[in-house]
Structure formats: C-alpha cells, structure tokens
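One file, run.pdb, is given below (PDB, C-alpha atoms).
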```
ATOM      1  CA  MET A  30     -32.966  20.716  34.999
ATOM      2  CA  LYS A  31     -35.056  23.314  33.330
ATOM      3  CA  ASP A  32     -38.331  22.601  31.657
ATOM      4  CA  PRO A  33     -37.738  22.713  27.857
ATOM      5  CA  ARG A  34     -40.955  24.695  27.360
ATOM      6  CA  TYR A  35     -39.292  27.712  28.974
ATOM      7  CA  ASP A  36     -36.455  27.638  26.415
ATOM      8  CA  ARG A  37     -38.981  28.739  23.755
ATOM      9  CA  LEU A  38     -40.680  31.268  25.976
ATOM     10  CA  ILE A  39     -37.561  33.243  26.922
ATOM     11  CA  PRO A  40     -36.801  34.532  23.407
ATOM     12  CA  ILE A  41     -40.426  35.646  23.016
ATOM     13  CA  LEU A  42     -40.346  37.624  26.264
ATOM     14  CA  VAL A  43     -37.007  39.189  25.408
ATOM     15  CA  ALA A  44     -38.335  40.179  21.972
ATOM     16  CA  ALA A  45     -41.152  42.049  23.671
ATOM     17  CA  VAL A  46     -38.697  43.894  25.892
ATOM     18  CA  LEU A  47     -35.660  44.426  23.601
ATOM     19  CA  GLY A  48     -37.196  44.399  20.214
ATOM     20  CA  VAL A  49     -36.758  41.910  17.392
ATOM     21  CA  GLY A  50     -32.990  42.486  16.789
ATOM     22  CA  GLY A  51     -31.979  41.816  20.368
ATOM     23  CA  ALA A  52     -34.265  38.808  20.530
ATOM     24  CA  LEU A  53     -32.676  37.253  17.471
ATOM     25  CA  ALA A  54     -29.213  37.703  18.943
ATOM     26  CA  LEU A  55     -30.319  36.166  22.231
ATOM     27  CA  ALA A  56     -32.170  33.341  20.492
ATOM     28  CA  HIS A  57     -28.906  32.390  18.817
ATOM     29  CA  PHE A  58     -27.359  31.532  22.177
ATOM     30  CA  VAL A  59     -30.414  30.181  24.007
ATOM     31  CA  GLY A  60     -31.103  26.508  23.682
ATOM     32  CA  LYS A  61     -27.516  25.482  22.876
ATOM     33  CA  PRO A  62     -26.101  23.086  25.419
ATOM     34  CA  GLY A  63     -23.370  24.553  27.577
ATOM     35  CA  ALA A  64     -20.406  22.731  29.075
ATOM     36  CA  ALA A  65     -22.423  21.911  32.196
ATOM     37  CA  ASP A  66     -25.347  20.548  30.150
ATOM     38  CA  LYS A  67     -23.370  17.862  28.342
ATOM     39  CA  PRO A  68     -24.158  14.316  29.391
ATOM     40  CA  ALA A  69     -21.311  12.370  30.973
ATOM     41  CA  PRO A  70     -20.019   9.402  29.010
ATOM     42  CA  ALA A  71     -21.380   6.052  30.168
ATOM     43  CA  SER A  72     -17.957   4.586  30.826
ATOM     44  CA  PRO A  73     -14.525   5.711  29.824
ATOM     45  CA  ALA A  74     -13.452   3.915  26.699
ATOM     46  CA  LYS A  75     -10.057   2.346  26.577
ATOM     47  CA  PRO A  76      -7.873   4.316  24.225
ATOM     48  CA  SER A  77      -7.052   2.199  21.239
ATOM     49  CA  PRO A  78      -3.367   1.805  20.534
ATOM     50  CA  PRO A  79      -2.182   3.950  17.674
ATOM     51  CA  LYS A  80      -2.331   2.124  14.393
ATOM     52  CA  PRO A  81       1.030   1.762  12.707
ATOM     53  CA  VAL A  82       1.338   3.766   9.558
ATOM     54  CA  VAL A  83       1.715   1.292   6.765
ATOM     55  CA  SER A  84       2.881   2.674   3.504
ATOM     56  CA  ALA A  85       3.498   0.766   0.346
ATOM     57  CA  PRO A  86       7.200   0.295  -0.264
ATOM     58  CA  GLU A  87       8.486   2.659  -2.863
ATOM     59  CA  PRO A  88       9.998   0.916  -5.833
ATOM     60  CA  ALA A  89      13.705   1.422  -5.988
ATOM     61  CA  ALA A  90      14.718   3.881  -8.595
ATOM     62  CA  ALA A  91      16.354   2.439 -11.655
ATOM     63  CA  THR A  92      20.084   2.917 -11.678
ATOM     64  CA  ARG A  93      22.326   3.156 -14.700
ATOM     65  CA  PHE A  94      25.554   1.293 -15.210
ATOM     66  CA  LEU A  95      28.208   1.234 -17.908
ATOM     67  CA  LEU A  96      28.662  -2.315 -19.228
ATOM     68  CA  SER A  97      32.046  -3.727 -20.240
ATOM     69  CA  ILE A  98      33.036  -7.211 -21.357
ATOM     70  CA  GLN A  99      36.244  -8.293 -19.684
ATOM     71  CA  GLY A 100      38.261 -11.305 -18.608
ATOM     72  CA  ILE A 101      38.301 -13.177 -21.905
ATOM     73  CA  ALA A 102      41.638 -15.015 -21.814
ATOM     74  CA  LEU A 103      43.317 -14.975 -25.219
ATOM     75  CA  GLY A 104      46.456 -16.714 -26.367
ATOM     76  CA  PRO A 105      49.063 -14.939 -28.529
ATOM     77  CA  ASP A 106      47.296 -15.921 -31.781
ATOM     78  CA  ASP A 107      43.696 -15.721 -30.508
ATOM     79  CA  TYR A 108      41.085 -13.113 -31.355
ATOM     80  CA  VAL A 109      37.433 -12.344 -30.601
ATOM     81  CA  ASP A 110      35.245 -11.791 -33.656
ATOM     82  CA  ALA A 111      31.713 -11.919 -32.196
ATOM     83  CA  PHE A 112      29.736 -12.126 -28.985
ATOM     84  CA  GLY A 113      26.169 -12.508 -27.839
ATOM     85  CA  LEU A 114      25.366 -11.347 -24.321
ATOM     86  CA  LYS A 115      22.050 -11.973 -22.550
ATOM     87  CA  LEU A 116      21.022 -10.057 -19.427
ATOM     88  CA  SER A 117      18.251 -10.684 -16.939
ATOM     89  CA  GLY A 118      17.295  -7.978 -14.473
ATOM     90  CA  ALA A 119      18.879  -5.267 -16.626
ATOM     91  CA  LYS A 120      17.987  -3.476 -19.830
ATOM     92  CA  VAL A 121      20.370  -2.026 -22.407
ATOM     93  CA  THR A 122      19.204   1.561 -22.917
ATOM     94  CA  LYS A 123      21.977   2.855 -25.159
ATOM     95  CA  VAL A 124      24.938   1.530 -27.126
ATOM     96  CA  CYS A 125      27.779   3.839 -26.110
ATOM     97  CA  LYS A 126      30.792   2.659 -28.071
ATOM     98  CA  THR A 127      31.283   0.367 -31.011
ATOM     99  CA  PRO A 128      34.780  -0.978 -31.676
ATOM    100  CA  ALA A 129      36.134   0.020 -35.096
ATOM    101  CA  GLY A 130      34.886  -2.335 -37.805
ATOM    102  CA  TRP A 131      32.211  -3.856 -35.567
ATOM    103  CA  SER A 132      28.435  -3.730 -35.546
ATOM    104  CA  LEU A 133      26.814  -3.605 -32.125
ATOM    105  CA  SER A 134      23.119  -3.704 -31.279
ATOM    106  CA  ALA A 135      20.886  -4.130 -28.267
ATOM    107  CA  ALA A 136      18.973  -7.390 -28.289
ATOM    108  CA  ARG A 137      15.181  -7.278 -28.605
ATOM    109  CA  GLY A 138      13.671  -5.417 -25.671
ATOM    110  CA  GLY A 139      17.120  -4.410 -24.412
ATOM    111  CA  ALA A 140      17.651  -7.849 -22.861
ATOM    112  CA  GLY A 141      21.221  -8.116 -24.090
ATOM    113  CA  LEU A 142      23.880  -6.970 -26.506
ATOM    114  CA  ASP A 143      25.143  -8.526 -29.730
ATOM    115  CA  GLY A 144      28.369  -7.659 -31.516
ATOM    116  CA  GLN A 145      30.249  -8.853 -34.562
ATOM    117  CA  ALA A 146      33.365  -7.807 -36.434
ATOM    118  CA  SER A 147      32.600  -7.001 -40.055
ATOM    119  CA  VAL A 148      36.092  -7.714 -41.406
ATOM    120  CA  GLY A 149      39.125  -9.691 -40.239
ATOM    121  CA  ALA A 150      41.127  -6.534 -39.596
ATOM    122  CA  ALA A 151      38.594  -5.619 -36.885
ATOM    123  CA  PHE A 152      39.087  -8.814 -34.859
ATOM    124  CA  LEU A 153      40.123  -8.068 -31.286
ATOM    125  CA  ASP A 154      43.363  -9.720 -30.193
ATOM    126  CA  ARG A 155      45.057  -9.531 -26.762
ATOM    127  CA  ASP A 156      46.292  -6.007 -27.439
ATOM    128  CA  HIS A 157      42.829  -4.736 -28.427
ATOM    129  CA  ILE A 158      40.410  -6.749 -26.262
ATOM    130  CA  GLY A 159      40.080  -3.606 -24.094
ATOM    131  CA  ASP A 160      37.911  -2.165 -26.898
ATOM    132  CA  LEU A 161      35.048  -4.108 -25.278
ATOM    133  CA  ARG A 162      35.014  -1.682 -22.312
ATOM    134  CA  GLY A 163      32.254   0.897 -21.934
ATOM    135  CA  LEU A 164      30.073  -0.674 -24.628
ATOM    136  CA  ALA A 165      26.595   0.141 -23.377
ATOM    137  CA  LEU A 166      24.542   1.921 -20.777
ATOM    138  CA  VAL A 167      22.235  -0.450 -18.900
ATOM    139  CA  GLU A 168      19.441   0.251 -16.465
ATOM    140  CA  ILE A 169      18.898  -1.973 -13.446
ATOM    141  CA  ALA A 170      15.450  -1.621 -11.883
ATOM    142  CA  GLY A 171      16.538  -2.297  -8.298
ATOM    143  CA  GLY A 172      19.891  -0.582  -8.666
ATOM    144  CA  ASP A 173      21.811  -3.646  -7.460
ATOM    145  CA  ALA A 174      24.264  -4.880 -10.073
ATOM    146  CA  SER A 175      24.802  -8.142  -8.179
ATOM    147  CA  THR A 176      21.247  -9.217  -9.071
ATOM    148  CA  VAL A 177      21.852  -9.105 -12.823
ATOM    149  CA  GLY A 178      21.985 -12.456 -14.582
ATOM    150  CA  VAL A 179      24.538 -12.790 -17.369
ATOM    151  CA  SER A 180      24.886 -15.479 -19.996
ATOM    152  CA  GLY A 181      26.078 -15.749 -23.555
ATOM    153  CA  THR A 182      29.151 -16.569 -25.579
ATOM    154  CA  ALA A 183      32.106 -14.947 -27.268
ATOM    155  CA  GLN A 184      33.487 -16.473 -30.443
ATOM    156  CA  VAL A 185      37.253 -16.853 -30.288
ATOM    157  CA  GLY A 186      39.322 -17.789 -33.309
ATOM    158  CA  VAL A 187      42.998 -18.449 -33.978
ATOM    159  CA  TYR A 188      44.944 -16.514 -36.622
ATOM    160  CA  GLY A 189      46.209 -18.823 -39.355
ATOM    161  CA  ASP A 190      43.752 -21.633 -38.585
ATOM    162  CA  MET A 191      40.267 -21.126 -39.976
ATOM    163  CA  GLY A 192      38.877 -24.244 -38.257
ATOM    164  CA  GLN A 193      39.838 -23.450 -34.670
ATOM    165  CA  ALA A 194      37.022 -21.038 -33.700
ATOM    166  CA  ARG A 195      35.492 -21.866 -30.336
ATOM    167  CA  GLN A 196      32.732 -20.501 -28.130
ATOM    168  CA  ILE A 197      33.686 -19.176 -24.695
ATOM    169  CA  LYS A 198      30.862 -18.835 -22.188
ATOM    170  CA  LEU A 199      30.259 -15.378 -20.792
ATOM    171  CA  SER A 200      29.306 -15.190 -17.115
ATOM    172  CA  PRO A 201      28.866 -12.485 -14.488
ATOM    173  CA  ALA A 202      32.651 -12.542 -14.061
ATOM    174  CA  SER A 203      32.979 -11.605 -17.759
ATOM    175  CA  VAL A 204      30.913  -8.444 -17.374
ATOM    176  CA  ALA A 205      31.725  -5.331 -15.385
ATOM    177  CA  LEU A 206      28.903  -2.986 -14.429
ATOM    178  CA  VAL A 207      30.143   0.394 -13.201
ATOM    179  CA  PRO A 208      27.699   3.059 -11.976
ATOM    180  CA  ALA A 209      27.357   5.809 -14.596
ATOM    181  CA  GLU A 210      24.754   8.412 -15.530
ATOM    182  CA  SER A 211      25.783   8.521 -19.169
ATOM    183  CA  CYS A 212      28.201   7.046 -21.669
ATOM    184  CA  SER A 213      31.774   8.090 -20.997
TER     185      SER A 213
END
```
Spell out the structure here as structure tokens.
Amino acid sequence: MKDPRYDRLIPILVAAVLGVGGALALAHFVGKPGAADKPAPASPAKPSPPKPVVSAPEPAAATRFLLSIQGIALGPDDYVDAFGLKLSGAKVTKVCKTPAGWSLSAARGGAGLDGQASVGAAFLDRDHIGDLRGLALVEIAGGDASTVGVSGTAQVGVYGDMGQARQIKLSPASVALVPAESCS
C-alpha cells in the first residue's frame, strides 16, 4: 500500500510541471479508490429470497343489472296492485320503466323499489304481469348477482272480491337480474 501522504504530494508536483489546469484535472482522478483498492467483503452474505410482491386487492368494479319482478303466480281473477322490494348488496340507480297507471320509486338510499297502481284499471292481471320486467337499473358492488339479498311483498287481490287481498312474499326467485349498461 502507498503512504497516504504521497497522495497529496503528487498533485502539487504535477502542478509545478504541468501548470494549474493540468494539475486540477489530475487531482480529480488521484485519491479515488480504484477497483484494486476496494476492500474485500468480510464474508459473503447469503442472498435473501425475493420478497413476494403484495398488492392490495382491487375492489371489484360495480356492475349494472336490469331488475325485473317475475314468477308471481296469478289465478284467472287475480291481480297485483302494489309491491315493496328490499335489496341488500345492490343499489337501485335508476327507475327505467313504470307500468301505465303506476307510481314507482327507489327506496331510501336505493335499497329497494316500491310500486303501486294508482287506479283499478292499472292493476296487473295474468295477461299484463309482464309489465314488471325491466323496471330498474341496479348496481352491484361486487358484480355478482347471486350475492344480492331480496325480500319484500307483492299485494295480490281478486277481482270482484274486495276483501281477498293477500301478501305474497318476494324472494330471489321472484327477481331477475340481467347484466345491462343502461335501461332497455
């Protein structure tokens, strides 16, 4: 090894011979450790295994579905004049279609859908129960319609008998959710 005192002396001697400009250029390179001057590592370190890249799961994009009420069995003199539908895991974002003579509205916070016929002529019998298709656009956060909870009732009456109205429970089987980007 060289004596470190000589590292300072060399640029001074070169400055005397080459002038100040050459000495400054030489001084830039003198004193920097070269590849041979680097100390050897004490012991080779074991390479650590690569760390797995852990990323937070991305939330599933909300998916839209067109909601229909279906499967309400009606007799020849039966009709539907109202319903109240509650949803969990889905939100009604838009009422798409309102049967003639009905009022339809999303429940508070979009957690369901309520409908009622305003006059007797608007009641939905077996021939017109299909008017409950494509009622609303709903958004499901996880995009899986099978995770949506459905409850509620439909009020069914009988023509000619004012006292025969009954409540039919609505269930997941009573609601169809078809993927859709908009009302159709």
So that I can see what lies close to Gly104 of chain A, please list as a PDB file with C-alpha atoms, in the frame of the given file the residues with an atom at most 9 Å from it, counting only C-alpha atoms and leaving out residues fewer than 6 positions away in the same chain.
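out.pdb, freshly written:
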```
ATOM      1  CA  ASP A 154      43.363  -9.720 -30.193  1.00  0.00           C
ATOM      2  CA  ARG A 155      45.057  -9.531 -26.762  1.00  0.00           C
ATOM      3  CA  VAL A 187      42.998 -18.449 -33.978  1.00  0.00           C
TER       4      VAL A 187
END
```
Next item on the list: Would you kindly return, as a PyMOL selection string, each protein, DNA or RNA residue with an atom no farther than 7 Å from any atom of segment 193-198 of chain A, considering all atoms listed in the file and excluding same-chain residues fewer than 5 positions away?
Entry: chain A and resi 181-187
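You can rank A:Val82, A:Met191, A:Ala129, A:Ala209 by their closest distance to Asp160 of chain A using all atoms listed in the file, and at the top of that list sits A:Ala129.
Residue nearest Thr176 of chain A, chosen from A:Gly113, A:Ala119, A:Thr92, A:Ile158 and counting all atoms listed in the file: A:Ala119.
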Notebook entry, point to check: What is the atom CA of Gly130 of chain A to atom CA of Leu164 of chain A distance in Å?
Noted result: 14.1 Å
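When only C-alpha atoms are used to measure the gap to His157 of chain A, the shortest distance among A:Val121, A:Leu206, A:Leu103, A:Ala140 belongs to A:Leu103.
The gap separating atom CA of Tyr188 of chain A from atom CA of Ser97 of chain A is 24.5 Å, in Å to one decimal.
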